[in-house]
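Visitor: Below is start_24.cif; it holds mmCIF, C-alpha atoms and all ligand atoms.
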```cif
data_start
loop_
_atom_site.label_atom_id
_atom_site.label_comp_id
_atom_site.auth_asym_id
_atom_site.auth_seq_id
_atom_site.Cartn_x
_atom_site.Cartn_y
_atom_site.Cartn_z
CA MET A 7 -25.08 40.92 -4.28
CA PRO A 8 -21.97 40.79 -6.51
CA ALA A 9 -20.65 37.33 -7.24
CA GLY A 10 -17.47 36.71 -5.31
CA PRO A 11 -15.21 33.77 -4.70
CA ILE A 12 -16.89 30.99 -2.79
CA GLU A 13 -15.56 30.86 0.74
CA PRO A 14 -14.37 27.40 1.68
CA VAL A 15 -16.32 26.04 4.64
CA GLU A 16 -14.78 23.83 7.31
CA MET A 17 -16.93 20.80 6.82
CA GLU A 18 -17.46 17.66 8.79
CA GLU A 19 -17.44 14.75 6.39
CA ARG A 20 -20.27 12.32 5.92
CA ALA A 21 -17.81 9.57 4.95
CA TRP A 22 -14.05 9.39 5.33
CA ILE A 23 -11.01 7.21 5.80
CA GLU A 24 -9.18 7.45 9.09
CA VAL A 25 -5.53 6.41 9.23
CA ASP A 26 -3.99 5.89 12.66
CA LEU A 27 -0.34 6.97 12.46
CA SER A 28 0.43 5.79 15.99
CA ALA A 29 -0.66 2.28 14.93
CA LEU A 30 1.60 2.65 11.90
CA GLU A 31 4.46 3.46 14.24
CA THR A 32 3.70 0.41 16.40
CA ASN A 33 3.80 -1.78 13.29
CA LEU A 34 7.05 -0.15 12.19
CA ASP A 35 8.65 -0.79 15.60
CA PHE A 36 7.57 -4.44 15.45
CA ILE A 37 9.09 -4.81 11.97
CA ARG A 38 12.30 -3.06 13.01
CA ASN A 39 12.70 -5.46 15.91
CA ARG A 40 12.34 -8.46 13.60
CA ALA A 41 14.50 -7.10 10.80
CA ARG A 42 18.25 -7.35 11.04
CA GLY A 43 19.05 -4.34 8.92
CA GLU A 44 17.36 -1.39 7.32
CA VAL A 45 13.59 -1.40 6.85
CA ILE A 46 12.38 0.23 3.62
CA PRO A 47 8.68 1.16 3.83
CA VAL A 48 6.99 0.45 0.51
CA LEU A 49 4.64 3.33 -0.35
CA LYS A 50 3.65 2.33 -3.88
CA ALA A 51 0.04 2.61 -5.08
CA ASP A 52 -0.50 5.56 -2.74
CA ALA A 53 0.77 3.47 0.18
CA TYR A 54 -1.69 0.67 -0.63
CA GLY A 55 -4.52 3.21 -0.43
CA HIS A 56 -3.39 4.76 2.87
CA GLY A 57 -1.95 7.93 1.32
CA ALA A 58 1.75 7.98 0.37
CA LEU A 59 2.59 11.61 1.07
CA PRO A 60 1.42 11.89 4.71
CA LEU A 61 2.89 8.48 5.46
CA ALA A 62 6.25 9.38 3.87
CA ARG A 63 6.44 12.59 5.91
CA PHE A 64 5.60 10.71 9.09
CA LEU A 65 8.03 7.84 8.43
CA PHE A 66 10.98 10.10 7.63
CA GLN A 67 10.29 11.92 10.90
CA ARG A 68 10.45 8.54 12.63
CA GLY A 69 13.96 7.86 11.39
CA VAL A 70 13.29 5.90 8.20
CA ARG A 71 16.23 6.36 5.80
CA ARG A 72 14.46 5.70 2.49
CA VAL A 73 11.07 4.73 1.10
CA ALA A 74 10.15 2.86 -2.08
CA VAL A 75 7.48 3.50 -4.72
CA ALA A 76 6.69 1.76 -8.01
CA THR A 77 6.46 4.55 -10.57
CA LEU A 78 8.12 7.78 -11.52
CA ALA A 79 4.84 9.66 -11.01
CA GLU A 80 4.59 8.29 -7.47
CA GLY A 81 8.13 9.43 -6.71
CA ARG A 82 7.52 12.81 -8.25
CA ALA A 83 4.36 13.30 -6.17
CA LEU A 84 6.44 12.80 -3.01
CA ARG A 85 8.99 15.37 -4.18
CA GLU A 86 6.24 17.85 -5.10
CA GLY A 87 4.82 17.30 -1.63
CA GLY A 88 8.14 18.36 -0.13
CA VAL A 89 9.66 14.96 0.71
CA GLU A 90 13.43 15.28 0.46
CA GLY A 91 14.54 11.86 1.68
CA GLU A 92 15.80 9.00 -0.43
CA VAL A 93 13.11 7.53 -2.74
CA LEU A 94 13.76 4.21 -4.47
CA LEU A 95 11.85 3.39 -7.65
CA LEU A 96 11.03 -0.33 -7.65
CA GLY A 97 10.41 -2.28 -10.83
CA SER A 98 12.77 -1.64 -13.71
CA LEU A 99 13.64 1.79 -15.06
CA HIS A 100 12.54 2.30 -18.66
CA PRO A 101 15.20 4.14 -20.67
CA LEU A 102 12.62 6.83 -21.53
CA GLU A 103 12.26 7.67 -17.83
CA ALA A 104 15.94 8.25 -17.10
CA GLU A 105 15.91 12.02 -17.40
CA GLU A 106 12.90 12.58 -15.18
CA ALA A 107 14.21 10.22 -12.52
CA LEU A 108 17.43 12.24 -12.43
CA ARG A 109 15.68 15.62 -12.39
CA TRP A 110 13.51 14.61 -9.44
CA GLY A 111 16.38 13.03 -7.56
CA LEU A 112 14.75 9.59 -7.49
CA THR A 113 16.88 6.45 -7.27
CA PRO A 114 15.95 4.04 -10.06
CA THR A 115 16.28 0.28 -10.19
CA LEU A 116 18.26 -1.09 -13.11
CA SER A 117 17.70 -4.49 -14.69
CA THR A 118 18.92 -3.75 -18.21
CA LEU A 119 22.01 -2.22 -19.75
CA GLU A 120 19.78 -0.12 -22.02
CA ALA A 121 18.36 1.64 -18.98
CA ALA A 122 21.81 1.97 -17.40
CA ARG A 123 23.14 3.55 -20.60
CA ALA A 124 20.21 5.98 -20.81
CA LEU A 125 20.71 6.94 -17.16
CA ALA A 126 24.43 7.56 -17.65
CA GLU A 127 23.90 9.58 -20.83
CA ARG A 128 21.13 11.76 -19.46
CA ALA A 129 23.12 12.35 -16.26
CA ARG A 130 26.13 13.50 -18.27
CA ALA A 131 23.94 15.89 -20.27
CA LEU A 132 22.37 17.30 -17.10
CA GLY A 133 25.56 17.39 -15.07
CA LEU A 134 24.05 15.10 -12.42
CA LEU A 135 25.40 12.00 -10.70
CA PRO A 136 23.65 8.81 -11.85
CA ARG A 137 22.83 6.60 -8.85
CA ALA A 138 20.88 3.36 -8.88
CA HIS A 139 20.09 0.05 -7.25
CA LEU A 140 20.74 -3.11 -9.22
CA LYS A 141 17.95 -5.67 -9.38
CA VAL A 142 19.01 -9.29 -9.51
CA ASP A 143 16.67 -12.05 -10.65
CA THR A 144 17.07 -15.07 -8.39
CA GLY A 145 14.07 -16.98 -9.68
CA MET A 146 11.01 -14.82 -10.21
CA ASN A 147 11.72 -14.12 -13.89
CA ARG A 148 10.03 -10.76 -13.93
CA VAL A 149 12.75 -8.11 -13.76
CA GLY A 150 16.41 -8.14 -12.81
CA PHE A 151 19.77 -9.20 -14.23
CA PRO A 152 20.14 -13.00 -14.09
CA TRP A 153 21.82 -13.83 -10.78
CA GLU A 154 24.57 -15.85 -12.47
CA GLU A 155 25.55 -12.71 -14.40
CA ALA A 156 25.22 -10.22 -11.54
CA ALA A 157 28.96 -9.57 -11.19
CA MET A 158 29.31 -8.92 -14.91
CA ALA A 159 26.25 -6.67 -14.91
CA LEU A 160 27.59 -4.68 -11.98
CA LYS A 161 30.91 -4.18 -13.70
CA ALA A 162 29.20 -3.04 -16.92
CA VAL A 163 26.87 -0.64 -15.11
CA GLU A 164 29.68 0.86 -13.04
CA ALA A 165 31.84 1.19 -16.17
CA LEU A 166 29.14 3.49 -17.55
CA GLY A 167 29.72 5.78 -14.61
CA VAL A 168 26.59 4.82 -12.66
CA ARG A 169 27.05 4.68 -8.89
CA VAL A 170 25.41 1.45 -7.72
CA GLU A 171 24.31 1.98 -4.12
CA GLY A 172 22.14 -1.05 -3.52
CA VAL A 173 21.58 -4.55 -4.83
CA TYR A 174 18.39 -6.49 -4.31
CA THR A 175 16.16 -9.35 -5.31
CA HIS A 176 12.52 -10.24 -4.70
CA LEU A 177 10.99 -13.44 -3.33
CA ALA A 178 8.43 -15.20 -5.51
CA THR A 179 7.01 -17.68 -3.00
CA ALA A 180 7.17 -16.21 0.53
CA GLY A 181 4.48 -17.96 2.55
CA GLU A 182 3.87 -20.48 -0.24
CA ASP A 183 7.03 -22.48 -0.93
CA ALA A 184 9.71 -22.34 1.76
CA ALA A 185 12.13 -24.49 -0.23
CA PHE A 186 12.13 -22.03 -3.12
CA VAL A 187 12.58 -19.12 -0.69
CA GLU A 188 15.76 -20.90 0.42
CA THR A 189 16.87 -21.40 -3.19
CA GLN A 190 16.47 -17.69 -3.89
CA ARG A 191 18.28 -16.76 -0.70
CA ARG A 192 21.17 -19.07 -1.51
CA ARG A 193 21.47 -17.52 -4.96
CA PHE A 194 21.38 -14.01 -3.49
CA GLN A 195 24.05 -15.03 -0.99
CA GLU A 196 26.25 -16.13 -3.88
CA VAL A 197 25.63 -12.82 -5.62
CA ARG A 198 26.64 -11.05 -2.45
CA ARG A 199 29.85 -13.01 -2.19
CA ALA A 200 30.67 -12.28 -5.83
CA LEU A 201 29.91 -8.54 -5.61
CA GLY A 202 31.47 -7.95 -2.23
CA GLU A 203 30.53 -5.54 0.55
CA GLY A 204 30.14 -1.83 -0.04
CA TYR A 205 26.60 -2.17 -1.37
CA PHE A 206 23.30 -2.08 0.49
CA TYR A 207 21.72 -5.52 0.04
CA HIS A 208 17.99 -5.94 0.59
CA LEU A 209 15.72 -8.90 0.05
CA GLU A 210 12.64 -9.87 2.08
CA ASN A 211 9.11 -8.52 1.71
CA SER A 212 6.49 -8.70 4.49
CA LEU A 213 5.74 -12.41 4.36
CA GLY A 214 9.41 -13.21 3.77
CA LEU A 215 10.31 -11.34 6.94
CA LEU A 216 7.44 -12.60 9.09
CA LEU A 217 7.45 -16.25 8.02
CA HIS A 218 11.07 -16.88 7.10
CA GLY A 219 13.05 -14.17 8.90
CA ALA A 220 15.34 -11.50 7.49
CA THR A 221 18.72 -12.21 5.89
CA ALA A 222 19.38 -8.69 4.54
CA GLY A 223 17.56 -5.33 4.45
CA VAL A 224 13.78 -5.65 4.04
CA ARG A 225 11.17 -3.87 1.92
CA VAL A 226 7.77 -4.02 3.60
CA GLY A 227 4.32 -2.88 2.65
CA LEU A 228 1.62 -5.26 3.82
CA ALA A 229 3.04 -5.71 7.34
CA LEU A 230 3.50 -1.98 7.81
CA TYR A 231 -0.20 -1.50 7.07
CA GLY A 232 -0.95 -4.28 9.55
CA LEU A 233 -2.67 -6.49 6.98
CA VAL A 234 -1.08 -9.76 8.11
CA PRO A 235 -2.95 -11.56 10.92
CA GLY A 236 -1.36 -13.59 13.68
CA PHE A 237 1.74 -11.56 14.55
CA GLY A 238 0.32 -8.79 16.71
CA LEU A 239 0.36 -6.30 13.84
CA ARG A 240 -2.84 -4.38 13.35
CA PRO A 241 -4.53 -2.60 10.46
CA ILE A 242 -4.23 1.18 10.61
CA LEU A 243 -7.15 2.24 8.46
CA ARG A 244 -10.92 2.50 8.94
CA ILE A 245 -13.77 3.71 6.76
CA LEU A 246 -16.34 5.69 8.71
CA ALA A 247 -19.66 7.02 7.49
CA ARG A 248 -22.75 8.82 8.71
CA PRO A 249 -26.16 7.80 7.36
CA THR A 250 -27.88 10.10 4.89
CA LEU A 251 -31.26 8.53 5.60
CA VAL A 252 -32.79 6.35 8.32
CA LYS A 253 -36.24 4.85 7.99
CA ARG A 254 -38.58 2.00 8.83
CA LEU A 255 -39.56 -0.54 6.18
CA LYS A 256 -43.04 -1.91 5.53
CA ALA A 257 -43.67 -5.60 4.87
CA GLY A 258 -42.85 -6.39 1.22
CA ASP A 259 -40.64 -3.30 0.61
CA ARG A 260 -37.73 -4.23 -1.61
CA VAL A 261 -34.34 -2.59 -1.10
CA GLY A 262 -31.75 -1.60 -3.68
CA TYR A 263 -30.81 -2.92 -7.13
CA GLY A 264 -32.52 -6.14 -8.04
CA GLY A 265 -34.81 -5.69 -5.05
CA VAL A 266 -33.11 -8.69 -3.50
CA TYR A 267 -33.81 -7.71 0.11
CA VAL A 268 -37.51 -8.02 0.85
CA ALA A 269 -38.67 -6.52 4.16
CA ARG A 270 -40.56 -8.56 6.73
CA GLY A 271 -41.97 -5.26 7.92
CA GLY A 272 -40.96 -3.00 10.81
CA GLU A 273 -37.18 -3.27 10.45
CA TRP A 274 -35.06 -0.09 10.50
CA LEU A 275 -32.81 0.73 7.58
CA ALA A 276 -29.91 3.18 7.28
CA THR A 277 -28.46 4.33 3.96
CA LEU A 278 -24.71 5.00 4.13
CA PRO A 279 -23.05 7.20 1.48
CA VAL A 280 -20.32 4.74 0.45
CA GLY A 281 -20.34 2.02 -2.18
CA TYR A 282 -18.16 0.07 -4.54
CA ALA A 283 -16.77 3.25 -6.12
CA ASP A 284 -15.26 3.96 -2.70
CA GLY A 285 -13.55 0.58 -2.73
CA LEU A 286 -16.10 -1.64 -1.01
CA PRO A 287 -15.85 -4.88 -3.00
CA TRP A 288 -19.20 -5.67 -4.60
CA GLY A 289 -20.78 -8.85 -3.29
CA ALA A 290 -18.27 -9.12 -0.44
CA VAL A 291 -19.42 -6.58 2.14
CA ARG A 292 -21.94 -8.40 4.33
CA PHE A 293 -21.69 -6.48 7.62
CA VAL A 294 -20.99 -3.01 8.93
CA LYS A 295 -20.44 -1.97 12.56
CA GLY A 296 -23.12 0.24 14.03
CA PRO A 297 -22.56 3.28 16.27
CA ASP A 298 -22.54 1.00 19.34
CA GLY A 299 -20.10 -1.46 17.75
CA ARG A 300 -22.77 -4.04 17.00
CA LEU A 301 -22.57 -5.97 13.71
CA LEU A 302 -25.28 -4.87 11.30
CA GLU A 303 -26.29 -6.82 8.23
CA VAL A 304 -26.12 -5.23 4.78
CA ALA A 305 -29.58 -5.27 3.19
CA GLY A 306 -29.45 -6.22 -0.48
CA ARG A 307 -26.70 -5.23 -2.89
CA ILE A 308 -24.27 -2.41 -2.41
CA SER A 309 -24.49 0.30 -5.07
CA MET A 310 -21.76 2.41 -6.58
CA ASP A 311 -22.17 5.19 -4.01
CA GLN A 312 -24.49 3.82 -1.32
CA THR A 313 -24.97 0.89 1.02
CA THR A 314 -28.10 -0.01 2.97
CA VAL A 315 -27.87 -1.69 6.38
CA LEU A 316 -30.41 -3.04 8.88
CA LEU A 317 -30.56 -1.40 12.31
CA PRO A 318 -31.94 -2.67 15.61
CA GLY A 319 -33.63 0.74 16.05
CA PRO A 320 -33.57 4.33 14.80
CA VAL A 321 -30.44 6.49 14.99
CA GLY A 322 -29.78 10.12 14.10
CA LEU A 323 -27.96 11.27 11.00
CA GLU A 324 -24.94 12.30 13.11
CA ALA A 325 -24.31 8.67 14.15
CA VAL A 326 -21.02 7.20 12.91
CA PHE A 327 -20.89 3.71 11.40
CA GLU A 328 -17.69 1.73 10.90
CA VAL A 329 -17.91 0.40 7.37
CA LEU A 330 -14.36 -1.01 7.37
CA SER A 331 -12.79 -1.72 10.73
CA ALA A 332 -9.12 -1.89 11.72
CA ASP A 333 -9.24 -5.53 12.77
CA PHE A 334 -9.37 -9.07 11.40
CA GLY A 335 -13.09 -9.61 12.04
CA PRO A 336 -16.02 -9.84 9.61
CA THR A 337 -15.88 -6.08 8.85
CA GLY A 338 -12.12 -6.03 8.26
CA LEU A 339 -10.26 -5.79 4.99
CA LEU A 340 -9.12 -9.41 5.04
CA ALA A 341 -12.72 -10.62 5.36
CA TRP A 342 -13.63 -8.48 2.34
CA ALA A 343 -10.73 -9.87 0.33
CA GLU A 344 -11.56 -13.45 1.26
CA ALA A 345 -15.24 -13.05 0.39
CA ARG A 346 -14.20 -11.54 -2.93
CA GLY A 347 -11.70 -14.34 -3.59
CA THR A 348 -8.83 -11.88 -3.93
CA LEU A 349 -5.75 -10.59 -2.15
CA PRO A 350 -5.81 -7.99 0.65
CA TYR A 351 -3.40 -6.00 -1.54
CA GLU A 352 -6.00 -5.67 -4.28
CA VAL A 353 -8.76 -4.50 -1.95
CA ALA A 354 -6.44 -2.01 -0.22
CA VAL A 355 -5.17 -0.38 -3.42
CA HIS A 356 -8.73 0.11 -4.64
CA LEU A 357 -9.88 2.16 -1.67
CA SER A 358 -11.07 5.25 -3.47
CA ARG A 359 -9.27 8.60 -3.58
CA ARG A 360 -12.63 10.32 -3.37
CA LEU A 361 -12.94 9.50 0.31
CA PRO A 362 -11.09 12.18 2.28
CA ARG A 363 -8.32 10.88 4.54
CA ARG A 364 -7.88 11.94 8.13
CA TYR A 365 -4.62 11.17 9.88
CA LEU A 366 -4.48 10.63 13.64
CA GLU A 367 -1.17 11.00 15.48
C1 LIG B 1 5.56 -4.36 -3.35
C2 LIG B 1 6.94 -4.80 -3.15
C3 LIG B 1 7.41 -5.08 -1.86
C4 LIG B 1 6.54 -5.06 -0.62
O1 LIG B 1 5.78 -6.23 -0.56
P1 LIG B 1 4.85 -6.56 0.72
O2 LIG B 1 4.41 -7.96 0.46
O3 LIG B 1 3.72 -5.60 0.69
O4 LIG B 1 5.68 -6.40 1.92
C5 LIG B 1 8.75 -5.40 -1.72
N1 LIG B 1 9.57 -5.45 -2.78
C6 LIG B 1 9.14 -5.21 -4.05
C7 LIG B 1 10.11 -5.31 -5.18
C8 LIG B 1 7.82 -4.90 -4.28
O5 LIG B 1 7.39 -4.67 -5.52
#
```
Reformat the file's structure so that it appears as structure tokens.
Ligand SMILES: *Cc1c(COP(=O)(O)O)cnc(C)c1O
Guide:
Amino acid sequence: MPAGPIEPVEMEERAWIEVDLSALETNLDFIRNRARGEVIPVLKADAYGHGALPLARFLFQRGVRRVAVATLAEGRALREGGVEGEVLLLGSLHPLEAEEALRWGLTPTLSTLEAARALAERARALGLLPRAHLKVDTGMNRVGFPWEEAAMALKAVEALGVRVEGVYTHLATAGEDAAFVETQRRRFQEVRRALGEGYFYHLENSLGLLLHGATAGVRVGLALYGLVPGFGLRPILRILARPTLVKRLKAGDRVGYGGVYVARGGEWLATLPVGYADGLPWGAVRFVKGPDGRLLEVAGRISMDQTTVLLPGPVGLEAVFEVLSADFGPTGLLAWAEARGTLPYEVAVHLSRRLPRRYLE
């Protein structure tokens, strides 16, 4: 037979990530009801592992006016995927990025005059209108023009011909130091008075909004993905997997690296094709949900690509296990983060791109 192109086969996956867009919409509605102004969904780091492009498409369909990402490449990927809506680049534009930001129609954040100058110059050369948001530093000391100099900075940036459309700041201690949240808000309020209306002001992140309330537009990531317990928000993502092998152990059998699980004899074991390369934090995944929803214990260490779990009895290879569940229980993302001694953000952004995503509407 002559060699021809390989026909793609519609394949059922053995492991995948499922993202529930209707749960995303419920979270968005909750946030909109709490916010007093515009809600900017933050889709940086591939929407915290949830997949920025499908989420951006969905959110613009649901009436969102703009989304935010962290890097030029993230903004460009949205454009290449056909997203035409307003995309804000968070962080601080580097002068070297000015031209590409303009070409892709992305709205950069300015915290230096060098970047503002580069943006204005490149825009003139390309015959494009330079637009930007101004970042004001009210106490985080990371990026932004010092808040005391915001009016001067605005004047200087506008004098270069840049159209400043928004002005914002970022909270350093939401959920940790309420007094400093108030200090930052007071400073931002002064900035607002000095700069006047006619700009879109935005301030709170998820914890700022949920714990302290909104005083301007909000930029939310964590809450949108439902990764904050106690407010009725719920996670929107699960990791599901089918076993590649199910067997019964003999007394004394040792399982996995280090042989740390030693069988009593007679217990059933399933091997699931997901491991720490898929984003399961090593040393922190202790349980998985079985096909009937029961909690199953992980046997031994997880490997890079595989995880072994104990079963009450045999199951077929078509059975579906919930490795990460969309809740706040022992198989949820917050339990993983806590066991790992890290932030839910870090666990979420490390969910691997090699797991295919399925989106439910
Ligand atoms: C990431 C980010 C946010 C969103 O923070 P959450 O805590 O996920 O809501 C908001 N603003 C800026 C500037 C950010 O970098």
Visitor: List the neighbours of range 304-307 of chain A out to 6 Å using all atoms listed in the file; skip same-chain residues closer than 5 positions along the sequence, and give me the result as an MDAnalysis selection string.
Guide: chainID A and resid 266:267 292:293 314:315
Visitor: Grab the CA of Glu120 in chain A to CA of Val163 in chain A distance for me, in Å with one decimal place.
Guide: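 Those two atoms sit 9.9 Å apart.
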Visitor: Can you work out which residues are within 6 Å of ligand LIG 1 (chain B), considering only C-alpha atoms and all ligand atoms, and then hand them over as a ChimeraX atom specification?
Guide: /A:48,96,176,211-212,225-228
Visitor: Between CA of Val329 in chain A and CA of Arg359 in chain A, what distance in Å does the model show, to one decimal?
Guide: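 These atoms are spaced 16.2 Å apart.
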Visitor: Extract, using all atoms listed in the file, all DNA, RNA and protein residues at most 10 Å from Gly167 in chain A, discarding same-chain residues fewer than 6 positions from it, and format them as JSON, numbers by chain.
Guide: {"A": [122, 123, 125, 126, 127, 129, 130, 135, 136, 137]}
Visitor: Skip Ala345 in chain A itself and residues of its chain fewer than 2 positions away, then list as a list in words all residues within 10 Å of it, counting only C-alpha atoms.
Guide: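 My reading of the contact set: Pro287, Trp288, Gly289, Ala290, Val291, Arg292, Pro336, Leu339, Leu340, Ala341, Trp342, Ala343, Gly347 and Thr348 of chain A.
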Visitor: Which polymer residues, whether protein, DNA or RNA, lie within 6 Å of the coordinate (-36.3, 0.2, 10.2) when you count only C-alpha atoms? List them as an MDAnalysis selection string, using the chain letters and numbers from the file.
Guide: chainID A and resid 253:255 272:275
Visitor: With distances taken over only C-alpha atoms, which residue among A:Leu99, A:Ala332, A:Ile308, A:Leu217 lies nearest Glu182 in chain A?
Guide: A:Leu217
Visitor: In Å, with one decimal, what is the gap from CA of Pro297 in chain A to CA of Leu243 in chain A?
Guide: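 For CA of Pro297 in chain A relative to CA of Leu243 in chain A, the distance reads 17.3 Å.
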Visitor: Can you work out which one of A:Val234, A:Lys161, A:Gln190, A:Arg109 has the shortest atom-to-atom distance to Val142 in chain A, counting all atoms listed in the file?
Guide: A:Gln190
Visitor: Mind listing whatever residues come within 6 Å of the point (21.1, -6.5, -5.3)? Use all atoms listed in the file, file coordinates, and give them as a PyMOL selection string.
Guide: chain A and resi 140-142+172-175+207
Visitor: Can you tell me, as a PyMOL selection string, what residues are no more than 10 Å from Leu34 in chain A when counting only C-alpha atoms, ignoring any on the same chain fewer than 2 positions away?
Guide: chain A and resi 28-32+36-40+45+47+65+68+70+226+229-232+239
Visitor: Using all atoms listed in the file, which protein or nucleic acid residues come within 7 Å of range 18-27 of chain A? Drop anything in the same chain fewer than 4 positions from it, and give the result as a PDB file with C-alpha atoms, in the frame of the given file.
Guide:
```
ATOM      1  CA  GLU A  31       4.460   3.460  14.240  1.00  0.00           C
ATOM      2  CA  HIS A  56      -3.390   4.760   2.870  1.00  0.00           C
ATOM      3  CA  ILE A 242      -4.230   1.180  10.610  1.00  0.00           C
ATOM      4  CA  LEU A 243      -7.150   2.240   8.460  1.00  0.00           C
ATOM      5  CA  ARG A 244     -10.920   2.500   8.940  1.00  0.00           C
ATOM      6  CA  ILE A 245     -13.770   3.710   6.760  1.00  0.00           C
ATOM      7  CA  LEU A 246     -16.340   5.690   8.710  1.00  0.00           C
ATOM      8  CA  ALA A 247     -19.660   7.020   7.490  1.00  0.00           C
ATOM      9  CA  ARG A 248     -22.750   8.820   8.710  1.00  0.00           C
ATOM     10  CA  PRO A 279     -23.050   7.200   1.480  1.00  0.00           C
ATOM     11  CA  LEU A 361     -12.940   9.500   0.310  1.00  0.00           C
ATOM     12  CA  PRO A 362     -11.090  12.180   2.280  1.00  0.00           C
ATOM     13  CA  ARG A 363      -8.320  10.880   4.540  1.00  0.00           C
ATOM     14  CA  ARG A 364      -7.880  11.940   8.130  1.00  0.00           C
ATOM     15  CA  TYR A 365      -4.620  11.170   9.880  1.00  0.00           C
ATOM     16  CA  LEU A 366      -4.480  10.630  13.640  1.00  0.00           C
ATOM     17  CA  GLU A 367      -1.170  11.000  15.480  1.00  0.00           C
TER      18      GLU A 367
END
```
Visitor: Point out the residue among A:Pro350, A:Gly81, A:Pro60, A:Gly202 with the least atom-to-atom distance to Glu106 in chain A, counting all atoms listed in the file.
Guide: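 Going through A:Pro350, A:Gly81, A:Pro60, A:Gly202 one by one, the smallest distance to Glu106 in chain A is for A:Gly81.
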Visitor: Between A:Ala156, A:His139, A:Asp284, A:His218, which has the minimum distance to Tyr205 in chain A (counting all atoms listed in the file)?
Guide: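 Result for the nearest residue to Tyr205 in chain A: A:His139.
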Visitor: Have a look at A:Val149, A:Val89, A:Leu102, A:Val187 and name the one nearest to Leu116 in chain A; count all atoms listed in the file.
Guide: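 Closest residue, counting all atoms listed in the file: A:Val149.
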Visitor: Could you add whatever atoms are missing so that range 41-45 of chain A carries all heavy atoms, then write the result as an mmCIF file, keeping the file's coordinate frame?
Guide:
```cif
data_model
loop_
_atom_site.group_PDB
_atom_site.id
_atom_site.type_symbol
_atom_site.label_atom_id
_atom_site.label_comp_id
_atom_site.auth_asym_id
_atom_site.auth_seq_id
_atom_site.Cartn_x
_atom_site.Cartn_y
_atom_site.Cartn_z
ATOM 1 N N ALA A 41 13.555 -7.220 11.905
ATOM 2 C CA ALA A 41 14.500 -7.100 10.800
ATOM 3 C C ALA A 41 15.917 -7.040 11.365
ATOM 4 O O ALA A 41 16.118 -6.671 12.512
ATOM 5 C CB ALA A 41 14.188 -5.852 10.003
ATOM 6 N N ARG A 42 16.875 -7.399 10.558
ATOM 7 C CA ARG A 42 18.250 -7.350 11.040
ATOM 8 C C ARG A 42 18.964 -6.119 10.518
ATOM 9 O O ARG A 42 20.001 -5.727 11.047
ATOM 10 C CB ARG A 42 18.993 -8.610 10.619
ATOM 11 C CG ARG A 42 18.314 -9.839 11.195
ATOM 12 C CD ARG A 42 18.877 -11.099 10.613
ATOM 13 N NE ARG A 42 20.259 -11.320 11.015
ATOM 14 C CZ ARG A 42 21.001 -12.310 10.524
ATOM 15 N NH1 ARG A 42 20.516 -13.107 9.620
ATOM 16 N NH2 ARG A 42 22.231 -12.486 10.944
ATOM 17 N N GLY A 43 18.423 -5.540 9.473
ATOM 18 C CA GLY A 43 19.050 -4.340 8.920
ATOM 19 C C GLY A 43 18.006 -3.281 8.659
ATOM 20 O O GLY A 43 16.985 -3.216 9.341
ATOM 21 N N GLU A 44 18.257 -2.500 7.634
ATOM 22 C CA GLU A 44 17.360 -1.390 7.320
ATOM 23 C C GLU A 44 15.986 -1.876 6.852
ATOM 24 O O GLU A 44 15.860 -2.861 6.143
ATOM 25 C CB GLU A 44 18.008 -0.529 6.211
ATOM 26 C CG GLU A 44 17.218 0.741 5.927
ATOM 27 C CD GLU A 44 17.837 1.579 4.807
ATOM 28 O OE1 GLU A 44 19.074 1.620 4.659
ATOM 29 O OE2 GLU A 44 17.051 2.218 4.077
ATOM 30 N N VAL A 45 14.965 -1.137 7.282
ATOM 31 C CA VAL A 45 13.590 -1.400 6.850
ATOM 32 C C VAL A 45 13.205 -0.309 5.839
ATOM 33 O O VAL A 45 13.240 0.870 6.157
ATOM 34 C CB VAL A 45 12.614 -1.365 8.046
ATOM 35 C CG1 VAL A 45 11.170 -1.517 7.565
ATOM 36 C CG2 VAL A 45 12.976 -2.449 9.058
#
```
